[in-house]
$ cat query.cif   # mmCIF, C-alpha atoms
data_coords
#
loop_
_atom_site.label_atom_id
_atom_site.label_comp_id
_atom_site.auth_asym_id
_atom_site.auth_seq_id
_atom_site.Cartn_x
_atom_site.Cartn_y
_atom_site.Cartn_z
CA MET A 814 19.36 53.58 22.68
CA PRO A 815 20.23 50.46 24.66
CA LYS A 816 20.25 50.65 28.43
CA THR A 817 22.86 49.17 30.67
CA GLY A 818 22.48 47.51 34.02
CA SER A 819 20.78 44.22 33.19
CA THR A 820 23.07 41.24 33.04
CA TYR A 821 20.58 39.13 31.10
CA THR A 822 18.82 41.47 28.65
CA MET A 823 19.50 43.89 25.85
CA SER A 824 17.01 46.73 26.17
CA GLY A 825 16.13 50.14 24.88
CA THR A 826 13.25 52.43 23.97
CA THR A 827 11.72 53.55 20.72
CA SER A 828 9.60 56.50 19.66
CA LEU A 829 7.25 54.09 17.87
CA PRO A 830 3.81 53.48 19.37
CA PHE A 831 3.35 50.00 20.87
CA ALA A 832 1.56 48.35 17.90
CA ASP A 833 4.06 49.81 15.42
CA ALA A 834 6.97 48.65 17.56
CA VAL A 835 5.56 45.11 17.67
CA ALA A 836 5.19 45.07 13.88
CA ARG A 837 8.71 46.44 13.44
CA VAL A 838 10.20 43.87 15.86
CA ARG A 839 8.56 41.10 13.82
CA GLU A 840 10.08 42.56 10.65
CA THR A 841 13.58 42.98 12.03
CA LEU A 842 13.57 39.50 13.57
CA ALA A 843 12.54 38.05 10.20
CA GLU A 844 15.37 39.99 8.53
CA GLU A 845 17.75 38.17 10.91
CA GLY A 846 16.28 34.74 10.15
CA PHE A 847 13.91 34.41 13.12
CA GLY A 848 10.28 33.40 13.10
CA VAL A 849 7.88 34.07 15.95
CA LEU A 850 6.74 30.72 17.35
CA ALA A 851 4.82 32.00 20.35
CA GLU A 852 3.12 35.19 21.44
CA ILE A 853 2.09 35.90 25.01
CA ASP A 854 -0.14 38.91 25.59
CA VAL A 855 0.57 39.49 29.28
CA GLN A 856 -1.84 42.42 29.48
CA ALA A 857 -4.77 40.33 28.15
CA THR A 858 -3.85 37.31 30.28
CA LEU A 859 -3.73 39.28 33.54
CA ARG A 860 -6.99 41.01 32.67
CA ALA A 861 -8.72 37.68 31.91
CA LYS A 862 -7.26 35.63 34.77
CA LEU A 863 -6.93 38.22 37.54
CA GLY A 864 -9.11 41.15 36.50
CA GLU A 865 -5.98 43.33 36.69
CA GLU A 866 -5.16 46.13 34.28
CA MET A 867 -1.67 46.97 33.09
CA PRO A 868 -0.13 48.71 30.09
CA PRO A 869 0.44 46.69 26.91
CA TYR A 870 3.06 43.96 27.42
CA LEU A 871 3.81 41.36 24.76
CA ILE A 872 6.36 38.52 24.80
CA LEU A 873 7.39 37.12 21.41
CA GLY A 874 9.13 33.74 21.36
CA ALA A 875 11.52 33.92 18.40
CA CYS A 876 13.42 31.04 16.83
CA ASN A 877 16.12 30.80 14.19
CA PRO A 878 15.83 27.12 13.13
CA PRO A 879 19.46 26.56 11.99
CA PHE A 880 20.82 27.93 15.26
CA ALA A 881 18.25 26.03 17.34
CA HIS A 882 19.19 22.82 15.53
CA ARG A 883 22.92 23.37 16.16
CA ALA A 884 22.38 24.21 19.82
CA LEU A 885 20.06 21.26 20.47
CA GLY A 886 22.59 18.97 18.80
CA LEU A 887 25.19 20.14 21.31
CA GLU A 888 22.88 20.16 24.33
CA PRO A 889 19.60 18.19 23.95
CA GLU A 890 18.05 19.64 27.15
CA LEU A 891 18.53 23.19 25.90
CA GLY A 892 14.90 23.34 24.84
CA ALA A 893 14.14 24.47 28.37
CA LEU A 894 15.81 27.80 27.51
CA LEU A 895 14.33 28.22 24.03
CA PRO A 896 13.00 30.19 22.19
CA CYS A 897 14.63 33.61 22.36
CA ASN A 898 12.22 35.97 24.10
CA VAL A 899 11.73 39.49 22.83
CA VAL A 900 9.46 41.79 24.84
CA VAL A 901 7.62 44.94 23.78
CA HIS A 902 5.87 46.88 26.53
CA GLU A 903 4.74 50.34 27.53
CA ARG A 904 5.96 52.03 30.70
CA ASP A 905 5.90 55.67 31.75
CA GLY A 906 4.63 56.76 28.34
CA GLU A 907 7.46 55.03 26.45
CA THR A 908 7.62 51.90 24.33
CA HIS A 909 10.35 49.56 25.53
CA VAL A 910 11.88 46.75 23.49
CA LEU A 911 14.10 44.16 25.14
CA ALA A 912 15.45 40.72 24.47
CA ALA A 913 16.96 38.00 26.58
CA ASP A 914 20.73 37.85 26.08
CA PRO A 915 21.48 34.38 24.64
CA VAL A 916 25.08 34.53 25.88
CA ALA A 917 23.94 35.11 29.46
CA LEU A 918 21.24 32.43 29.28
CA LEU A 919 23.35 29.77 27.62
CA SER A 920 26.18 30.37 30.08
CA LEU A 921 23.90 28.68 32.64
CA VAL A 922 24.34 25.41 30.77
CA GLY A 923 28.10 25.26 31.28
CA ASN A 924 28.83 23.80 27.84
CA PRO A 925 31.61 25.81 26.15
CA GLU A 926 30.64 24.29 22.80
CA LEU A 927 27.56 26.53 22.89
CA ASP A 928 29.60 29.74 23.14
CA GLU A 929 29.89 30.25 19.38
CA VAL A 930 26.18 29.63 18.78
CA ALA A 931 25.20 31.94 21.65
CA THR A 932 27.46 34.71 20.36
CA GLU A 933 26.06 34.46 16.82
CA VAL A 934 22.46 34.42 18.04
CA ARG A 935 23.13 37.37 20.36
CA ALA A 936 24.52 39.43 17.46
CA ARG A 937 21.45 38.75 15.33
CA VAL A 938 18.94 39.45 18.10
CA GLU A 939 20.78 42.59 19.12
CA ARG A 940 20.82 43.88 15.53
CA ALA A 941 17.09 43.22 15.25
CA VAL A 942 16.10 45.06 18.42
CA ALA A 943 18.64 47.86 17.89
CA ARG A 944 17.00 48.73 14.59
CA VAL A 945 13.73 49.24 16.47
CA TRP A 946 15.41 51.33 19.17
CA ALA A 947 16.74 53.62 16.43
CA GLU A 948 13.21 54.51 15.34
#

$ encode --input "query.cif" --output "structure tokens"
Amino acid sequence: MPKTGSTYTMSGTTSLPFADAVARVRETLAEEGFGVLAEIDVQATLRAKLGEEMPPYLILGACNPPFAHRALGLEPELGALLPCNVVVHERDGETHVLAADPVALLSLVGNPELDEVATEVRARVERAVARVWAE
């Protein structure tokens, strides 16, 4: 179920193991029209660069091209806030899935023309991650 408290994320937990949750997030994002453009394995990066160990932590940079095109047409500098980040990580024996809230992020821009795009993207991202939380 989703958690409350964060003003900039939509988050929840799943009973799926980490690797299965990552695969499922990829599937549900694709079902909502998103492709994964970037993948950051934070666990591997911190191990390689700092010699530090941490539980699995993966950031997926997801993009829905039609929405990105619309948003960039309205605000060319918006690329600094793209793509939509979805995170899967383990903490306290649980697999957590969270996503940045596009409405919260795009509100930083101060362009009311982006409100409709942000709301539509938020609905799609939320549906994608909520399907993983339900498992």

$ residues_around --input "query.cif" --residues "Pro869 of chain A" --least-positions-apart "5" --cutoff "6 Å" --atoms "all atoms listed in the file" --output "PyMOL selection string"
chain A and resi 856+902-903

$ write_last_selection --input "query.cif" --atoms "C-alpha atoms" --output "PDB file, keeping the file's coordinate frame"
ATOM      1  CA  GLN A 856      -1.840  42.420  29.480  1.00  0.00           C
ATOM      2  CA  HIS A 902       5.870  46.880  26.530  1.00  0.00           C
ATOM      3  CA  GLU A 903       4.740  50.340  27.530  1.00  0.00           C
TER       4      GLU A 903
END

$ resolve_selection --input "query.cif" --expression "the PyMOL selection byres ((chain A and resi 855) around 9)" --output "list in words"
Ile853, Asp854, Gln856, Ala857, Thr858, Leu859, Arg860, Met867, Pro869, Tyr870, Leu871 and Ile872 of chain A

$ closest_residue --input "query.cif" --among "A:Val910, A:Leu842, A:Leu918, A:Ala834" --to "Ala931 of chain A" --atoms "only C-alpha atoms"
A:Leu918

$ residues_near_point --input "query.cif" --point "(21.7, 33.7, 19.9)" --cutoff "10 Å" --atoms "all atoms listed in the file" --output "short mmCIF file (atom, residue, chain, number, x, y, z; two decimals) with C-alpha atoms, in the frame of the given file"
data_model
loop_
_atom_site.label_atom_id
_atom_site.label_comp_id
_atom_site.auth_asym_id
_atom_site.auth_seq_id
_atom_site.Cartn_x
_atom_site.Cartn_y
_atom_site.Cartn_z
CA CYS A 876 13.42 31.04 16.83
CA ASN A 877 16.12 30.80 14.19
CA PHE A 880 20.82 27.93 15.26
CA ALA A 881 18.25 26.03 17.34
CA ALA A 884 22.38 24.21 19.82
CA PRO A 896 13.00 30.19 22.19
CA CYS A 897 14.63 33.61 22.36
CA ALA A 913 16.96 38.00 26.58
CA ASP A 914 20.73 37.85 26.08
CA PRO A 915 21.48 34.38 24.64
CA VAL A 916 25.08 34.53 25.88
CA ALA A 917 23.94 35.11 29.46
CA LEU A 918 21.24 32.43 29.28
CA LEU A 919 23.35 29.77 27.62
CA LEU A 927 27.56 26.53 22.89
CA ASP A 928 29.60 29.74 23.14
CA GLU A 929 29.89 30.25 19.38
CA VAL A 930 26.18 29.63 18.78
CA ALA A 931 25.20 31.94 21.65
CA THR A 932 27.46 34.71 20.36
CA GLU A 933 26.06 34.46 16.82
CA VAL A 934 22.46 34.42 18.04
CA ARG A 935 23.13 37.37 20.36
CA ALA A 936 24.52 39.43 17.46
CA ARG A 937 21.45 38.75 15.33
CA VAL A 938 18.94 39.45 18.10
CA GLU A 939 20.78 42.59 19.12
#

$ closest_residue --input "query.cif" --among "A:Gly874, A:Ala912, A:Val922, A:Glu840" --to "Thr822 of chain A" --atoms "only C-alpha atoms"
A:Ala912

$ atom_distance --input "query.cif" --atom1 "atom CA of Gly864 of chain A" --atom2 "atom CA of Leu850 of chain A"
27.0 Å

$ closest_residue --input "query.cif" --among "A:Thr827, A:Leu895, A:Ser819, A:Val849" --to "Glu907 of chain A" --atoms "only C-alpha atoms"
A:Thr827

$ atom_distance --input "query.cif" --atom1 "atom CA of Glu852 of chain A" --atom2 "atom CA of Ser824 of chain A"
18.7 Å

$ atom_distance --input "query.cif" --atom1 "atom CA of Arg839 of chain A" --atom2 "atom CA of Met823 of chain A"
16.5 Å

$ closest_residue --input "query.cif" --among "A:Ala851, A:Ala875, A:Leu911, A:Ala861" --to "Gly825 of chain A" --atoms "all atoms listed in the file"
A:Leu911

$ closest_residue --input "query.cif" --among "A:Leu894, A:Val942, A:Val900, A:Leu863" --to "Ala843 of chain A" --atoms "only C-alpha atoms"
A:Val942

$ resolve_selection --input "query.cif" --expression "the PyMOL selection byres ((chain A and resi 833) around 12)" --output "ChimeraX atom specification"
/A:827-832,834-840,901-902,908-910,945,948

$ write_last_selection --input "query.cif" --atoms "C-alpha atoms" --output "PDB file, in the coordinates of the input"
ATOM      1  CA  THR A 827      11.720  53.550  20.720  1.00  0.00           C
ATOM      2  CA  SER A 828       9.600  56.500  19.660  1.00  0.00           C
ATOM      3  CA  LEU A 829       7.250  54.090  17.870  1.00  0.00           C
ATOM      4  CA  PRO A 830       3.810  53.480  19.370  1.00  0.00           C
ATOM      5  CA  PHE A 831       3.350  50.000  20.870  1.00  0.00           C
ATOM      6  CA  ALA A 832       1.560  48.350  17.900  1.00  0.00           C
ATOM      7  CA  ALA A 834       6.970  48.650  17.560  1.00  0.00           C
ATOM      8  CA  VAL A 835       5.560  45.110  17.670  1.00  0.00           C
ATOM      9  CA  ALA A 836       5.190  45.070  13.880  1.00  0.00           C
ATOM     10  CA  ARG A 837       8.710  46.440  13.440  1.00  0.00           C
ATOM     11  CA  VAL A 838      10.200  43.870  15.860  1.00  0.00           C
ATOM     12  CA  ARG A 839       8.560  41.100  13.820  1.00  0.00           C
ATOM     13  CA  GLU A 840      10.080  42.560  10.650  1.00  0.00           C
ATOM     14  CA  VAL A 901       7.620  44.940  23.780  1.00  0.00           C
ATOM     15  CA  HIS A 902       5.870  46.880  26.530  1.00  0.00           C
ATOM     16  CA  THR A 908       7.620  51.900  24.330  1.00  0.00           C
ATOM     17  CA  HIS A 909      10.350  49.560  25.530  1.00  0.00           C
ATOM     18  CA  VAL A 910      11.880  46.750  23.490  1.00  0.00           C
ATOM     19  CA  VAL A 945      13.730  49.240  16.470  1.00  0.00           C
ATOM     20  CA  GLU A 948      13.210  54.510  15.340  1.00  0.00           C
TER      21      GLU A 948
END

$ build_atoms --input "query.cif" --residues "segment 861-872 of chain A" --atoms "all heavy atoms" --output "PDB file, in the coordinates of the input"
ATOM      1  N   ALA A 861      -7.795  38.807  31.939  1.00  0.00           N
ATOM      2  CA  ALA A 861      -8.720  37.680  31.910  1.00  0.00           C
ATOM      3  C   ALA A 861      -8.637  36.809  33.169  1.00  0.00           C
ATOM      4  O   ALA A 861      -9.660  36.359  33.689  1.00  0.00           O
ATOM      5  CB  ALA A 861      -8.468  36.825  30.673  1.00  0.00           C
ATOM      6  N   LYS A 862      -7.443  36.565  33.655  1.00  0.00           N
ATOM      7  CA  LYS A 862      -7.260  35.630  34.770  1.00  0.00           C
ATOM      8  C   LYS A 862      -7.358  36.271  36.146  1.00  0.00           C
ATOM      9  O   LYS A 862      -7.754  35.615  37.106  1.00  0.00           O
ATOM     10  CB  LYS A 862      -5.896  34.932  34.655  1.00  0.00           C
ATOM     11  CG  LYS A 862      -5.701  34.162  33.379  1.00  0.00           C
ATOM     12  CD  LYS A 862      -6.599  32.953  33.322  1.00  0.00           C
ATOM     13  CE  LYS A 862      -6.344  32.158  32.060  1.00  0.00           C
ATOM     14  NZ  LYS A 862      -7.220  31.025  31.912  1.00  0.00           N
ATOM     15  N   LEU A 863      -6.963  37.555  36.231  1.00  0.00           N
ATOM     16  CA  LEU A 863      -6.930  38.220  37.540  1.00  0.00           C
ATOM     17  C   LEU A 863      -7.806  39.460  37.632  1.00  0.00           C
ATOM     18  O   LEU A 863      -7.948  40.030  38.716  1.00  0.00           O
ATOM     19  CB  LEU A 863      -5.482  38.618  37.878  1.00  0.00           C
ATOM     20  CG  LEU A 863      -4.443  37.509  37.918  1.00  0.00           C
ATOM     21  CD1 LEU A 863      -3.058  38.100  38.159  1.00  0.00           C
ATOM     22  CD2 LEU A 863      -4.792  36.478  38.980  1.00  0.00           C
ATOM     23  N   GLY A 864      -8.343  39.907  36.500  1.00  0.00           N
ATOM     24  CA  GLY A 864      -9.110  41.150  36.500  1.00  0.00           C
ATOM     25  C   GLY A 864      -8.236  42.370  36.717  1.00  0.00           C
ATOM     26  O   GLY A 864      -8.720  43.435  37.080  1.00  0.00           O
ATOM     27  N   GLU A 865      -6.940  42.230  36.495  1.00  0.00           N
ATOM     28  CA  GLU A 865      -5.980  43.330  36.690  1.00  0.00           C
ATOM     29  C   GLU A 865      -5.701  44.030  35.362  1.00  0.00           C
ATOM     30  O   GLU A 865      -5.632  43.396  34.319  1.00  0.00           O
ATOM     31  CB  GLU A 865      -4.662  42.783  37.252  1.00  0.00           C
ATOM     32  CG  GLU A 865      -4.770  42.185  38.629  1.00  0.00           C
ATOM     33  CD  GLU A 865      -5.038  43.219  39.712  1.00  0.00           C
ATOM     34  OE1 GLU A 865      -4.664  44.398  39.541  1.00  0.00           O
ATOM     35  OE2 GLU A 865      -5.614  42.838  40.747  1.00  0.00           O
ATOM     36  N   GLU A 866      -5.508  45.332  35.454  1.00  0.00           N
ATOM     37  CA  GLU A 866      -5.160  46.130  34.280  1.00  0.00           C
ATOM     38  C   GLU A 866      -3.693  46.516  34.346  1.00  0.00           C
ATOM     39  O   GLU A 866      -3.158  46.784  35.425  1.00  0.00           O
ATOM     40  CB  GLU A 866      -6.026  47.384  34.193  1.00  0.00           C
ATOM     41  CG  GLU A 866      -7.481  47.101  33.862  1.00  0.00           C
ATOM     42  CD  GLU A 866      -7.689  46.442  32.511  1.00  0.00           C
ATOM     43  OE1 GLU A 866      -6.930  46.726  31.552  1.00  0.00           O
ATOM     44  OE2 GLU A 866      -8.622  45.627  32.404  1.00  0.00           O
ATOM     45  N   MET A 867      -3.067  46.532  33.206  1.00  0.00           N
ATOM     46  CA  MET A 867      -1.670  46.970  33.090  1.00  0.00           C
ATOM     47  C   MET A 867      -1.473  47.487  31.677  1.00  0.00           C
ATOM     48  O   MET A 867      -2.269  47.198  30.790  1.00  0.00           O
ATOM     49  CB  MET A 867      -0.709  45.835  33.415  1.00  0.00           C
ATOM     50  CG  MET A 867      -0.701  44.702  32.410  1.00  0.00           C
ATOM     51  SD  MET A 867       0.541  43.423  32.750  1.00  0.00           S
ATOM     52  CE  MET A 867       2.057  44.287  32.398  1.00  0.00           C
ATOM     53  N   PRO A 868      -0.412  48.247  31.448  1.00  0.00           N
ATOM     54  CA  PRO A 868      -0.130  48.710  30.090  1.00  0.00           C
ATOM     55  C   PRO A 868       0.191  47.531  29.171  1.00  0.00           C
ATOM     56  O   PRO A 868       0.495  46.430  29.629  1.00  0.00           O
ATOM     57  CB  PRO A 868       1.104  49.608  30.274  1.00  0.00           C
ATOM     58  CG  PRO A 868       1.131  49.962  31.715  1.00  0.00           C
ATOM     59  CD  PRO A 868       0.519  48.800  32.441  1.00  0.00           C
ATOM     60  N   PRO A 869       0.128  47.757  27.857  1.00  0.00           N
ATOM     61  CA  PRO A 869       0.440  46.690  26.910  1.00  0.00           C
ATOM     62  C   PRO A 869       1.805  46.059  27.199  1.00  0.00           C
ATOM     63  O   PRO A 869       2.789  46.765  27.457  1.00  0.00           O
ATOM     64  CB  PRO A 869       0.446  47.403  25.561  1.00  0.00           C
ATOM     65  CG  PRO A 869      -0.462  48.570  25.745  1.00  0.00           C
ATOM     66  CD  PRO A 869      -0.232  49.007  27.177  1.00  0.00           C
ATOM     67  N   TYR A 870       1.845  44.718  27.134  1.00  0.00           N
ATOM     68  CA  TYR A 870       3.060  43.960  27.420  1.00  0.00           C
ATOM     69  C   TYR A 870       2.967  42.653  26.630  1.00  0.00           C
ATOM     70  O   TYR A 870       2.102  41.819  26.897  1.00  0.00           O
ATOM     71  CB  TYR A 870       3.137  43.656  28.919  1.00  0.00           C
ATOM     72  CG  TYR A 870       4.502  43.223  29.412  1.00  0.00           C
ATOM     73  CD1 TYR A 870       5.276  44.079  30.176  1.00  0.00           C
ATOM     74  CD2 TYR A 870       5.011  41.959  29.118  1.00  0.00           C
ATOM     75  CE1 TYR A 870       6.521  43.689  30.652  1.00  0.00           C
ATOM     76  CE2 TYR A 870       6.252  41.560  29.581  1.00  0.00           C
ATOM     77  CZ  TYR A 870       7.012  42.430  30.351  1.00  0.00           C
ATOM     78  OH  TYR A 870       8.251  42.047  30.811  1.00  0.00           O
ATOM     79  N   LEU A 871       3.843  42.505  25.655  1.00  0.00           N
ATOM     80  CA  LEU A 871       3.810  41.360  24.760  1.00  0.00           C
ATOM     81  C   LEU A 871       5.161  40.646  24.756  1.00  0.00           C
ATOM     82  O   LEU A 871       6.205  41.301  24.644  1.00  0.00           O
ATOM     83  CB  LEU A 871       3.470  41.819  23.343  1.00  0.00           C
ATOM     84  CG  LEU A 871       3.218  40.743  22.303  1.00  0.00           C
ATOM     85  CD1 LEU A 871       1.935  39.985  22.600  1.00  0.00           C
ATOM     86  CD2 LEU A 871       3.137  41.382  20.919  1.00  0.00           C
ATOM     87  N   ILE A 872       5.144  39.329  24.887  1.00  0.00           N
ATOM     88  CA  ILE A 872       6.360  38.520  24.800  1.00  0.00           C
ATOM     89  C   ILE A 872       6.285  37.719  23.505  1.00  0.00           C
ATOM     90  O   ILE A 872       5.312  36.988  23.277  1.00  0.00           O
ATOM     91  CB  ILE A 872       6.486  37.548  25.996  1.00  0.00           C
ATOM     92  CG1 ILE A 872       6.470  38.311  27.317  1.00  0.00           C
ATOM     93  CG2 ILE A 872       7.764  36.710  25.855  1.00  0.00           C
ATOM     94  CD1 ILE A 872       6.347  37.412  28.543  1.00  0.00           C
TER      95      ILE A 872
END
